[in-house]
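Let me begin by presenting the structure, written as structure tokens, before commenting on it.
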Amino acid sequence: MKTVEFLLYTLKPGTGKDFHRIMTEESAPLHRLAGMDIISFGISAHDDDAYYLIRAYDNLSQLKSSQESFYNSEEWRLGPRQAIVDRISVSVKSVLMLSNNAIENLRSS
């Protein structure tokens, strides 16, 4: 079992495609360089200004420590942080425990 974080964003109107570009070109590569396991991310099928990001961690402690390190890093703060934050109206976070099989099914869908 792994700790899986689901982040759901309601973006400011008309910013979804730009948000996705920033995620794809800047934020996701930075996450991966920091060792974070991004399972999936993208624009929601129902709304161009709704977005999701799904990340997996070994446990809740790793989630907390890796995010603290990542979000306090100079690369994040001086990189895509402001462009990401400026486009988010609402952010909702849920954390679940999922099997590796369930994670791989999410990753491939």
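Each chain in the structure tokens gets a letter, A, B and so on, in the order shown; residues start at 1 in every chain, and ligands are counted from 1 in the order they appear.
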Subject >> Which of chain A fall in helix (DSSP H, G or I), as number ranges by chain >> reply: A: 16-33, 60-71, 74-77, 81-86, 100-108
List every residue of segment 53-85 of chain A that has an atom at most 10 Å from any atom of segment 16-28 of chain A, giving for each one its closest atom pair and the distance in Å to one decimal, counting only C-alpha atoms, sorted by chain and then by ascending residue number, as a tab-separated table.
residue	atom	partner	partner_atom	distance
A:Leu53	CA	A:Met23	CA	9.6
A:Glu75	CA	A:Ser27	CA	9.9
A:Trp76	CA	A:Ser27	CA	8.0
A:Gly79	CA	A:Glu26	CA	7.8
A:Pro80	CA	A:Ser27	CA	6.1
A:Arg81	CA	A:Ser27	CA	8.0
A:Ala83	CA	A:Ile22	CA	7.6
A:Ile84	CA	A:Phe19	CA	6.6
A:Val85	CA	A:Phe19	CA	9.7
Subject >> Test item: residues at most 10 Å from Gly14 of chain A, only C-alpha atoms, excluding those fewer than 6 positions along its chain, as number ranges by chain >> reply: A: 48-49, 87
Original post:
Pick from A:Leu98, A:Leu11, A:Met1, A:Leu30: nearest to Leu78 of chain A, with only C-alpha atoms counted?
Top reply: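 Comparing A:Leu98, A:Leu11, A:Met1, A:Leu30 against Leu78 of chain A, the winner is A:Leu30.
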Original post:
Residues at most 10 Å from segment 105-108 of chain A, counting only C-alpha atoms, excluding those fewer than 6 positions away in the same chain, as a ChimeraX atom specification?
Top reply: /A:38-41,54-55,99
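Atom pair atom CA of Ser69 of chain A / atom CA of Met97 of chain A has a distance of 22.0 Å (rounded to one decimal).
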**OP:** Quick one: pull the distance between atom CA of Ala50 of chain A and atom CA of Lys93 of chain A, Å, one decimal.
**Re:** 13.7 Å
**OP:** Write out as a ChimeraX atom specification all residues of segment 4-72 of chain A that DSSP puts in strand (DSSP E) for this structure's backbone.
**Re:** /A:4-11,37-43,50-57
Residues just named, written with N, CA and C atoms as a CSV table (one decimal), in the first residue's frame:
chain,number,residue,atom,x,y,z
A,4,VAL,N,-1.5,7.9,-1.5
A,4,VAL,CA,-1.8,8.6,-2.8
A,4,VAL,C,-2.6,9.9,-2.5
A,5,GLU,N,-2.0,11.0,-3.0
A,5,GLU,CA,-2.6,12.3,-2.9
A,5,GLU,C,-3.3,12.7,-4.2
A,6,PHE,N,-4.6,13.1,-4.0
A,6,PHE,CA,-5.4,13.6,-5.1
A,6,PHE,C,-5.6,15.1,-4.9
A,7,LEU,N,-5.1,15.9,-5.8
A,7,LEU,CA,-5.3,17.4,-5.8
A,7,LEU,C,-6.2,17.8,-6.9
A,8,LEU,N,-7.3,18.5,-6.6
A,8,LEU,CA,-8.3,18.9,-7.5
A,8,LEU,C,-8.3,20.4,-7.5
A,9,TYR,N,-8.1,21.1,-8.6
A,9,TYR,CA,-8.1,22.5,-8.7
A,9,TYR,C,-9.3,23.0,-9.5
A,10,THR,N,-9.9,24.1,-9.0
A,10,THR,CA,-10.8,24.9,-9.9
A,10,THR,C,-9.9,26.1,-10.2
A,11,LEU,N,-9.7,26.3,-11.5
A,11,LEU,CA,-8.8,27.3,-12.0
A,11,LEU,C,-9.6,28.6,-12.4
A,37,ASP,N,6.7,11.1,-7.3
A,37,ASP,CA,6.1,10.2,-8.2
A,37,ASP,C,4.7,10.7,-8.6
A,38,ILE,N,4.7,11.4,-9.8
A,38,ILE,CA,3.4,11.9,-10.3
A,38,ILE,C,2.8,10.7,-11.1
A,39,ILE,N,1.6,10.3,-10.6
A,39,ILE,CA,0.8,9.2,-11.3
A,39,ILE,C,0.2,9.7,-12.5
A,40,SER,N,-0.5,10.9,-12.4
A,40,SER,CA,-1.2,11.5,-13.5
A,40,SER,C,-1.5,12.9,-13.2
A,41,PHE,N,-1.7,13.7,-14.3
A,41,PHE,CA,-2.1,15.1,-14.1
A,41,PHE,C,-2.8,15.5,-15.4
A,42,GLY,N,-3.7,16.5,-15.4
A,42,GLY,CA,-4.2,17.0,-16.6
A,42,GLY,C,-5.5,17.8,-16.4
A,43,ILE,N,-6.1,18.2,-17.5
A,43,ILE,CA,-7.3,19.0,-17.5
A,43,ILE,C,-8.5,18.0,-17.4
A,50,ALA,N,-10.9,23.0,-14.9
A,50,ALA,CA,-10.8,22.1,-13.7
A,50,ALA,C,-9.6,21.2,-14.0
A,51,TYR,N,-8.8,20.9,-13.0
A,51,TYR,CA,-7.5,20.2,-13.1
A,51,TYR,C,-7.3,19.3,-12.0
A,52,TYR,N,-6.5,18.2,-12.3
A,52,TYR,CA,-6.1,17.2,-11.3
A,52,TYR,C,-4.7,16.9,-11.3
A,53,LEU,N,-4.1,16.6,-10.2
A,53,LEU,CA,-2.8,16.1,-10.0
A,53,LEU,C,-2.8,15.0,-9.0
A,54,ILE,N,-2.3,13.8,-9.4
A,54,ILE,CA,-2.3,12.6,-8.5
A,54,ILE,C,-0.8,12.2,-8.3
A,55,ARG,N,-0.4,12.2,-7.0
A,55,ARG,CA,1.0,11.8,-6.6
A,55,ARG,C,1.0,10.7,-5.6
A,56,ALA,N,2.0,9.8,-5.7
A,56,ALA,CA,2.1,8.7,-4.8
A,56,ALA,C,3.4,8.8,-3.9
A,57,TYR,N,3.3,8.3,-2.7
A,57,TYR,CA,4.4,8.3,-1.7
A,57,TYR,C,4.4,7.0,-1.0
**OP:** Quick one: pull the distance between atom CA of Glu74 of chain A and atom CA of Ser91 of chain A, Å, one decimal.
**Re:** 22.5 Å
**OP:** Do a neighbour search on Asn100 of chain A at 8 Å with only C-alpha atoms, toss out local chain neighbours closer than 3 positions, and write the hits as a list of chain:residue names.
**Re:** A:Met1, A:Lys2, A:Ile103, A:Glu104
Which polymer residues have any atom within 8 Å of an atom of Phe70 of chain A, counting only C-alpha atoms, with same-chain residues fewer than 3 positions away left out, as a PDB file with N, CA, C and O atoms, in the first residue's frame?
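Here's the written file out_14.pdb:
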ATOM      1  N   HIS A  31       8.939  18.493 -10.183  1.00  0.00           N
ATOM      2  CA  HIS A  31       8.483  17.472  -9.229  1.00  0.00           C
ATOM      3  C   HIS A  31       9.310  16.198  -9.386  1.00  0.00           C
ATOM      4  O   HIS A  31       9.775  15.612  -8.408  1.00  0.00           O
ATOM      5  N   ALA A  34      12.772  16.263  -8.148  1.00  0.00           N
ATOM      6  CA  ALA A  34      12.794  16.211  -6.683  1.00  0.00           C
ATOM      7  C   ALA A  34      12.453  14.804  -6.161  1.00  0.00           C
ATOM      8  O   ALA A  34      12.417  14.590  -4.958  1.00  0.00           O
ATOM      9  N   SER A  66       8.703  15.209   1.855  1.00  0.00           N
ATOM     10  CA  SER A  66       9.087  15.551   0.485  1.00  0.00           C
ATOM     11  C   SER A  66       8.402  16.826   0.019  1.00  0.00           C
ATOM     12  O   SER A  66       9.006  17.643  -0.686  1.00  0.00           O
ATOM     13  N   GLN A  67       7.148  17.029   0.420  1.00  0.00           N
ATOM     14  CA  GLN A  67       6.468  18.258   0.035  1.00  0.00           C
ATOM     15  C   GLN A  67       7.051  19.468   0.745  1.00  0.00           C
ATOM     16  O   GLN A  67       7.199  20.537   0.149  1.00  0.00           O
ATOM     17  N   SER A  73      11.847  24.785  -1.647  1.00  0.00           N
ATOM     18  CA  SER A  73      13.053  24.863  -2.471  1.00  0.00           C
ATOM     19  C   SER A  73      13.078  26.152  -3.298  1.00  0.00           C
ATOM     20  O   SER A  73      12.042  26.697  -3.695  1.00  0.00           O
ATOM     21  N   TRP A  76      11.452  25.769  -6.824  1.00  0.00           N
ATOM     22  CA  TRP A  76       9.996  25.929  -6.878  1.00  0.00           C
ATOM     23  C   TRP A  76       9.608  27.393  -6.668  1.00  0.00           C
ATOM     24  O   TRP A  76       8.842  27.961  -7.418  1.00  0.00           O
TER      25      TRP A  76
END
**OP:** Could you check which of A:Asp47, A:Ser65, A:Asp86, A:Pro13 is closest to Gly35 of chain A, using only C-alpha atoms?
**Re:**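 The shortest atom-to-atom distance to Gly35 of chain A comes from A:Ser65.
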